[in-house]
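S.K.: Structure file model05.cif (mmCIF, C-alpha atoms) right here:
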data_coords
loop_
_atom_site.label_atom_id
_atom_site.label_comp_id
_atom_site.auth_asym_id
_atom_site.auth_seq_id
_atom_site.Cartn_x
_atom_site.Cartn_y
_atom_site.Cartn_z
CA MET W 780 35.85 -2.13 -10.67
CA LYS W 781 32.19 -1.26 -10.05
CA PRO W 782 29.56 -3.90 -10.87
CA LYS W 783 27.89 -3.31 -14.23
CA ALA W 784 24.14 -2.75 -14.05
CA LEU W 785 21.14 -2.57 -16.34
CA PHE W 786 18.63 0.16 -15.47
CA ASN W 787 14.93 -0.58 -16.05
CA TRP W 788 13.81 2.70 -17.60
CA SER W 789 10.08 3.50 -17.80
CA SER W 790 10.63 7.10 -19.02
CA GLY W 791 8.85 8.50 -15.94
CA LYS W 792 9.69 10.33 -12.75
CA ASP W 793 10.41 7.34 -10.47
CA SER W 794 12.89 5.99 -13.00
CA ALA W 795 14.52 9.40 -13.32
CA LEU W 796 14.91 9.86 -9.56
CA ALA W 797 16.16 6.29 -9.07
CA LEU W 798 18.71 6.76 -11.87
CA TYR W 799 19.82 10.09 -10.37
CA GLN W 800 20.32 8.47 -6.96
CA THR W 801 22.19 5.52 -8.52
CA LEU W 802 24.55 7.84 -10.37
CA GLN W 803 25.11 9.96 -7.24
CA GLU W 804 25.94 6.94 -5.09
CA ASN W 805 28.34 5.71 -7.79
CA ARG W 806 28.20 2.07 -6.64
CA TYR W 807 27.29 0.69 -10.07
CA GLU W 808 28.27 1.36 -13.65
CA VAL W 809 24.95 1.90 -15.44
CA ALA W 810 25.81 0.26 -18.75
CA VAL W 811 22.41 0.18 -20.45
CA LEU W 812 18.75 1.19 -20.17
CA LEU W 813 15.99 -1.39 -20.75
CA THR W 814 12.46 -0.37 -21.73
CA SER W 815 9.46 -2.55 -22.59
CA ILE W 816 7.75 -1.51 -25.82
CA ASN W 817 4.35 -2.39 -27.23
CA GLN W 818 5.41 -3.97 -30.52
CA GLU W 819 2.21 -3.09 -32.40
CA PHE W 820 1.99 0.59 -31.43
CA GLN W 821 5.70 1.28 -30.86
CA ARG W 822 4.99 2.95 -27.54
CA ILE W 823 6.25 2.38 -24.00
CA SER W 824 4.08 -0.15 -22.20
CA MET W 825 1.52 1.57 -19.89
CA HIS W 826 3.05 5.05 -20.29
CA GLY W 827 1.97 5.35 -23.93
CA VAL W 828 5.07 7.38 -24.90
CA SER W 829 6.34 7.01 -28.46
CA VAL W 830 9.61 5.22 -29.17
CA SER W 831 10.97 8.36 -30.84
CA LEU W 832 10.69 10.33 -27.59
CA LEU W 833 12.16 7.43 -25.61
CA GLU W 834 15.16 7.43 -27.95
CA LYS W 835 15.59 11.19 -27.47
CA GLN W 836 15.55 10.63 -23.70
CA ALA W 837 18.25 7.98 -23.90
CA GLU W 838 20.35 10.21 -26.16
CA SER W 839 20.12 13.07 -23.67
CA LEU W 840 20.97 10.72 -20.79
CA GLY W 841 23.96 9.40 -22.72
CA ILE W 842 23.23 5.75 -21.90
CA PRO W 843 22.68 2.99 -24.52
CA LEU W 844 19.07 1.79 -24.83
CA ILE W 845 17.67 -1.73 -25.26
CA LYS W 846 14.02 -1.92 -26.36
CA MET W 847 12.26 -5.14 -25.43
CA GLU W 848 9.34 -5.41 -27.85
CA LEU W 849 6.30 -7.20 -26.41
CA PRO W 850 3.13 -8.38 -28.16
CA LYS W 851 -0.04 -6.35 -27.60
CA GLU W 852 -1.28 -8.46 -24.67
CA PRO W 853 1.57 -10.75 -23.59
CA SER W 854 0.89 -13.60 -21.21
CA MET W 855 2.96 -13.81 -18.03
CA GLU W 856 4.82 -16.76 -19.55
CA GLU W 857 5.61 -14.85 -22.75
CA TYR W 858 6.87 -11.92 -20.68
CA ARG W 859 8.96 -14.22 -18.49
CA GLN W 860 10.57 -15.89 -21.50
CA MET W 861 11.40 -12.61 -23.22
CA MET W 862 12.82 -11.10 -20.04
CA SER W 863 14.89 -14.22 -19.39
CA LYS W 864 16.36 -14.07 -22.90
CA THR W 865 17.08 -10.34 -22.58
CA MET W 866 18.84 -10.79 -19.25
CA THR W 867 20.88 -13.71 -20.58
CA ASP W 868 21.98 -11.53 -23.51
CA VAL W 869 23.05 -8.60 -21.30
CA GLN W 870 24.93 -10.91 -18.94
CA ALA W 871 27.27 -11.52 -21.87
CA GLN W 872 28.20 -7.83 -21.49
CA GLY W 873 29.22 -8.44 -17.87
CA ILE W 874 26.02 -7.10 -16.30
CA THR W 875 25.34 -8.53 -12.84
CA HIS W 876 22.68 -6.17 -11.43
CA SER W 877 19.28 -4.85 -12.53
CA ILE W 878 18.02 -1.55 -11.06
CA PHE W 879 14.35 -0.57 -10.62
CA GLY W 880 12.46 2.57 -9.55
CA ASP W 881 9.81 0.67 -7.54
CA ILE W 882 8.92 2.16 -4.16
CA PHE W 883 6.59 -0.05 -2.14
CA LEU W 884 4.79 -2.77 -4.13
CA GLU W 885 5.95 -5.90 -2.29
CA ASP W 886 4.51 -8.47 -4.72
CA LEU W 887 6.11 -6.74 -7.70
CA ARG W 888 9.49 -6.61 -5.98
CA LYS W 889 9.32 -10.31 -5.11
CA TYR W 890 8.37 -11.18 -8.69
CA ARG W 891 11.32 -9.20 -10.06
CA GLU W 892 13.76 -10.70 -7.55
CA ASP W 893 12.59 -14.26 -8.24
CA GLN W 894 12.82 -13.88 -12.02
CA LEU W 895 16.29 -12.33 -11.88
CA LYS W 896 17.59 -14.81 -9.34
CA ALA W 897 16.71 -17.58 -11.80
CA VAL W 898 19.21 -16.12 -14.29
CA GLY W 899 21.83 -15.07 -11.75
CA VAL W 900 21.20 -11.31 -11.69
CA GLU W 901 20.68 -9.26 -8.51
CA ALA W 902 17.81 -6.75 -8.27
CA VAL W 903 18.45 -3.28 -6.79
CA PHE W 904 15.78 -0.82 -5.55
CA PRO W 905 17.26 2.64 -4.74
CA LEU W 906 13.92 4.22 -3.73
CA TRP W 907 12.52 1.30 -1.76
CA LYS W 908 10.22 2.26 1.15
CA ARG W 909 10.92 5.98 0.76
CA ASN W 910 8.05 8.29 1.71
CA THR W 911 6.35 9.18 -1.59
CA SER W 912 5.30 12.67 -0.42
CA GLN W 913 8.95 13.42 0.32
CA LEU W 914 10.13 11.79 -2.91
CA ILE W 915 7.98 13.98 -5.16
CA GLN W 916 9.17 17.11 -3.32
CA GLU W 917 12.78 15.99 -3.71
CA PHE W 918 12.16 15.31 -7.40
CA LEU W 919 10.91 18.86 -7.96
CA ALA W 920 13.60 20.46 -5.79
CA LEU W 921 16.31 18.78 -7.88
CA GLY W 922 14.93 20.52 -10.97
CA PHE W 923 13.33 17.55 -12.72
CA LYS W 924 10.45 18.28 -15.06
CA THR W 925 7.83 15.67 -15.94
CA ILE W 926 4.45 15.55 -17.65
CA VAL W 927 1.52 13.22 -16.99
CA THR W 928 1.00 10.96 -20.02
CA CYS W 929 -1.68 8.62 -18.66
CA VAL W 930 -4.22 8.62 -15.84
CA ASN W 931 -6.35 5.79 -14.48
CA GLY W 932 -9.97 6.92 -14.73
CA SER W 933 -10.81 5.08 -11.52
CA TYR W 934 -8.73 7.64 -9.62
CA LEU W 935 -8.39 10.78 -11.76
CA ASP W 936 -10.40 12.53 -14.44
CA LYS W 937 -9.32 13.60 -17.90
CA SER W 938 -8.14 17.04 -16.72
CA PHE W 939 -5.06 15.54 -15.03
CA ALA W 940 -3.69 14.09 -18.28
CA GLY W 941 -1.16 16.31 -20.00
CA ARG W 942 -0.35 18.36 -16.90
CA ILE W 943 3.17 19.19 -15.80
CA ILE W 944 3.76 17.97 -12.26
CA ASP W 945 4.27 20.92 -9.95
CA GLN W 946 3.05 21.88 -6.49
CA LYS W 947 -0.38 22.81 -7.86
CA PHE W 948 -0.72 19.35 -9.41
CA ILE W 949 0.22 17.69 -6.11
CA ASP W 950 -2.24 19.88 -4.19
CA ASP W 951 -5.03 18.99 -6.64
CA LEU W 952 -4.65 15.23 -6.19
CA PRO W 953 -7.50 13.49 -4.33
CA GLU W 954 -6.58 12.10 -0.91
CA ASN W 955 -6.75 8.49 -2.14
CA VAL W 956 -4.11 9.07 -4.85
CA ASP W 957 -0.46 8.46 -4.07
CA PRO W 958 1.63 11.58 -4.88
CA CYS W 959 3.99 9.43 -6.94
CA GLY W 960 1.18 7.42 -8.54
CA GLU W 961 2.77 4.27 -7.15
CA ASN W 962 -0.52 2.35 -7.30
CA GLY W 963 -0.87 3.00 -11.03
CA GLU W 964 -2.99 6.15 -10.67
CA PHE W 965 -0.92 8.01 -13.28
CA HIS W 966 2.23 7.68 -15.39
CA THR W 967 4.69 10.32 -16.58
CA PHE W 968 7.37 11.30 -19.07
CA THR W 969 10.40 13.10 -17.64
CA PHE W 970 11.90 15.56 -20.10
CA ASP W 971 14.46 17.59 -18.13
CA GLY W 972 16.55 17.49 -14.98
CA PRO W 973 20.08 17.08 -13.60
CA ILE W 974 20.73 13.74 -15.37
CA PHE W 975 19.86 15.11 -18.83
CA LYS W 976 22.40 16.78 -21.12
CA LYS W 977 19.58 18.83 -22.65
CA PRO W 978 15.77 18.99 -22.36
CA VAL W 979 13.78 16.55 -24.51
CA GLN W 980 11.65 18.60 -26.90
CA PHE W 981 8.04 17.60 -27.52
CA GLU W 982 4.56 18.98 -28.14
CA ILE W 983 1.33 17.99 -26.43
CA GLY W 984 -1.23 16.39 -28.73
CA GLU W 985 -4.80 15.35 -28.05
CA THR W 986 -6.02 13.45 -25.00
CA VAL W 987 -7.69 10.16 -25.87
CA LYS W 988 -9.79 7.69 -23.88
CA LYS W 989 -8.94 4.00 -23.95
CA THR W 990 -10.78 1.14 -22.26
CA TYR W 991 -9.61 -2.31 -21.27
CA PRO W 992 -11.78 -5.23 -20.08
CA LYS W 993 -11.50 -6.12 -16.41
CA PRO W 994 -10.46 -9.72 -15.78
CA LYS W 995 -13.17 -11.79 -14.09
CA ASN W 996 -12.33 -13.61 -10.88
CA SER W 997 -15.56 -15.62 -10.96
CA ALA W 998 -18.43 -16.45 -13.31
CA GLU W 999 -20.79 -14.36 -11.16
CA GLU W 1000 -18.94 -11.10 -11.67
CA GLU W 1001 -20.43 -8.55 -14.06
CA ASP W 1002 -18.51 -7.39 -17.10
CA GLY W 1003 -16.56 -4.21 -16.53
CA GLU W 1004 -13.78 -2.13 -17.97
CA TYR W 1005 -10.82 -0.01 -16.95
CA ILE W 1006 -10.78 3.54 -18.32
CA PHE W 1007 -7.52 5.38 -19.01
CA TRP W 1008 -6.88 8.84 -20.42
CA PHE W 1009 -3.71 9.18 -22.53
CA SER W 1010 -2.19 12.54 -23.44
CA ASP W 1011 -0.30 12.07 -26.69
CA LEU W 1012 3.18 13.61 -26.83
CA ILE W 1013 4.62 14.41 -30.22
#
Go through the file and emit its structure as structure tokens.
M.R.:
Amino acid sequence: MKPKALFNWSSGKDSALALYQTLQENRYEVAVLLTSINQEFQRISMHGVSVSLLEKQAESLGIPLIKMELPKEPSMEEYRQMMSKTMTDVQAQGITHSIFGDIFLEDLRKYREDQLKAVGVEAVFPLWKRNTSQLIQEFLALGFKTIVTCVNGSYLDKSFAGRIIDQKFIDDLPENVDPCGENGEFHTFTFDGPIFKKPVQFEIGETVKKTYPKPKNSAEEEDGEYIFWFSDLI
């Protein structure tokens, strides 16, 4: 009997490649997908993808989906409590492992491992420490197709939002941008590839600008804001 696992599904390319690798290795039974949702807007946290498209993804993947609905700006404690409850609930289904598409963010990995250890679940990272330039080439060579849904304005301008990732997109990235966007430079929605039964159909809507206040580390710091460009998928 293979251990039963929950897969943390963001809807983007790293999740898709990590899920592909997990299914190929066949060490775990992927019993369910888990995605964090902004409760107010009914969109995937950070990626900005609508719940309806997420549900179409899960249907095409053929894996049950759990949506963890979060308040608009959850505190770390609120997030921890909701995640703890979710993991306790899925453990009742026999799930012992939780799989992530993270690549090299050490602090994030430690946070995930610590939180899961507290509830007796083991974290798994199939893509950990892989070269991101090689990963994106592997992703494309496997036949995956993904579109950029959100870009961080500190790294990329509006023109990158709504683009399909191909070799031209990779070549156009500034040198300080990770080719997989692992530092939060951009987020994606994967709509086709070897793990999908059929492509997820969508249309590209307008690109909108959203700003978020920067947290202050000291009273002397000036007010500032983060700028993001979201390409709406319909």
S.K.: Could you list, as a VMD selection string, every residue within 10 Å of W:Ile823, counting only C-alpha atoms and ignoring same-chain residues fewer than 5 positions away?
M.R.: chain W and resid 788 to 790 814 to 818 828 to 830 832 to 833 846 to 849
S.K.: For W:Glu885, which residue out of W:Thr911, W:Thr867, W:Asn962, W:Gln821 is the nearest one, using only C-alpha atoms?
M.R.: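 Of W:Thr911, W:Thr867, W:Asn962, W:Gln821, the one nearest W:Glu885 is W:Asn962, counting only C-alpha atoms.
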S.K.: How would you write, as a ChimeraX atom specification, the residues chosen by the PyMOL selection byres ((chain W and resi 793) around 10) on this structure?
M.R.: /W:788-792,794-799,879-882,906,911,914-915,918,959-961,966-969
S.K.: I'd like the interatomic distance between atom CA of W:Tyr1005 and atom CA of W:Pro953, to a tenth of an Å.
M.R.: 18.8 Å
S.K.: Considering only C-alpha atoms, return as a list in words whatever protein or nucleic-acid residues lie within 7 Å of W:Ile983, sequence-local ones (same chain, fewer than 6 positions apart) excluded.
M.R.: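 Near W:Ile983, the qualifying residues are Asp1011, Leu1012 and Ile1013 of chain W.
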S.K.: Complete stretch 876-902 of chain W with N, CA and C atoms (output as a compact mmCIF listing (two decimals), in the frame of the given file).
M.R.:
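That gives us out-v6.txt:
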# COMPACT_ATOMS: atom_id res chain seq x y z
N HIS W 876 23.73 -6.77 -12.24
CA HIS W 876 22.68 -6.17 -11.43
C HIS W 876 21.62 -5.51 -12.32
N SER W 877 20.40 -5.46 -11.81
CA SER W 877 19.28 -4.85 -12.53
C SER W 877 18.57 -3.88 -11.58
N ILE W 878 18.49 -2.61 -11.96
CA ILE W 878 18.02 -1.55 -11.06
C ILE W 878 16.61 -1.11 -11.44
N PHE W 879 15.75 -0.93 -10.42
CA PHE W 879 14.35 -0.57 -10.62
C PHE W 879 13.99 0.68 -9.81
N GLY W 880 12.95 1.39 -10.26
CA GLY W 880 12.46 2.57 -9.55
C GLY W 880 11.27 2.29 -8.66
N ASP W 881 10.95 1.02 -8.39
CA ASP W 881 9.81 0.67 -7.54
C ASP W 881 10.00 1.23 -6.13
N ILE W 882 8.86 1.53 -5.48
CA ILE W 882 8.92 2.16 -4.16
C ILE W 882 8.35 1.27 -3.06
N PHE W 883 7.13 0.74 -3.25
CA PHE W 883 6.59 -0.05 -2.14
C PHE W 883 5.67 -1.22 -2.52
N LEU W 884 5.65 -1.65 -3.75
CA LEU W 884 4.79 -2.77 -4.13
C LEU W 884 5.52 -4.09 -3.89
N GLU W 885 5.22 -4.72 -2.75
CA GLU W 885 5.95 -5.90 -2.29
C GLU W 885 5.87 -7.06 -3.27
N ASP W 886 4.66 -7.33 -3.81
CA ASP W 886 4.51 -8.47 -4.72
C ASP W 886 5.30 -8.28 -6.01
N LEU W 887 5.35 -7.03 -6.48
CA LEU W 887 6.11 -6.74 -7.70
C LEU W 887 7.60 -6.92 -7.45
N ARG W 888 8.07 -6.44 -6.30
CA ARG W 888 9.49 -6.61 -5.98
C ARG W 888 9.86 -8.09 -5.91
N LYS W 889 9.03 -8.89 -5.24
CA LYS W 889 9.32 -10.31 -5.11
C LYS W 889 9.35 -10.99 -6.48
N TYR W 890 8.40 -10.61 -7.34
CA TYR W 890 8.37 -11.18 -8.69
C TYR W 890 9.68 -10.85 -9.43
N ARG W 891 10.09 -9.60 -9.36
CA ARG W 891 11.32 -9.20 -10.06
C ARG W 891 12.53 -9.95 -9.49
N GLU W 892 12.62 -10.02 -8.18
CA GLU W 892 13.76 -10.70 -7.55
C GLU W 892 13.80 -12.17 -7.93
N ASP W 893 12.64 -12.84 -7.91
CA ASP W 893 12.59 -14.26 -8.24
C ASP W 893 13.00 -14.52 -9.68
N GLN W 894 12.49 -13.68 -10.60
CA GLN W 894 12.82 -13.88 -12.02
C GLN W 894 14.30 -13.64 -12.28
N LEU W 895 14.87 -12.64 -11.65
CA LEU W 895 16.29 -12.33 -11.88
C LEU W 895 17.20 -13.35 -11.21
N LYS W 896 16.79 -13.81 -10.04
CA LYS W 896 17.59 -14.81 -9.34
C LYS W 896 17.74 -16.06 -10.19
N ALA W 897 16.69 -16.39 -10.95
CA ALA W 897 16.71 -17.58 -11.80
C ALA W 897 17.78 -17.51 -12.89
N VAL W 898 18.17 -16.27 -13.26
CA VAL W 898 19.21 -16.12 -14.29
C VAL W 898 20.50 -15.55 -13.72
N GLY W 899 20.59 -15.47 -12.39
CA GLY W 899 21.83 -15.07 -11.75
C GLY W 899 22.11 -13.59 -11.74
N VAL W 900 21.05 -12.77 -11.74
CA VAL W 900 21.20 -11.31 -11.69
C VAL W 900 20.56 -10.80 -10.40
N GLU W 901 21.19 -9.81 -9.77
CA GLU W 901 20.68 -9.26 -8.51
C GLU W 901 19.86 -8.00 -8.76
N ALA W 902 18.68 -7.92 -8.14
CA ALA W 902 17.81 -6.75 -8.27
C ALA W 902 18.19 -5.69 -7.23
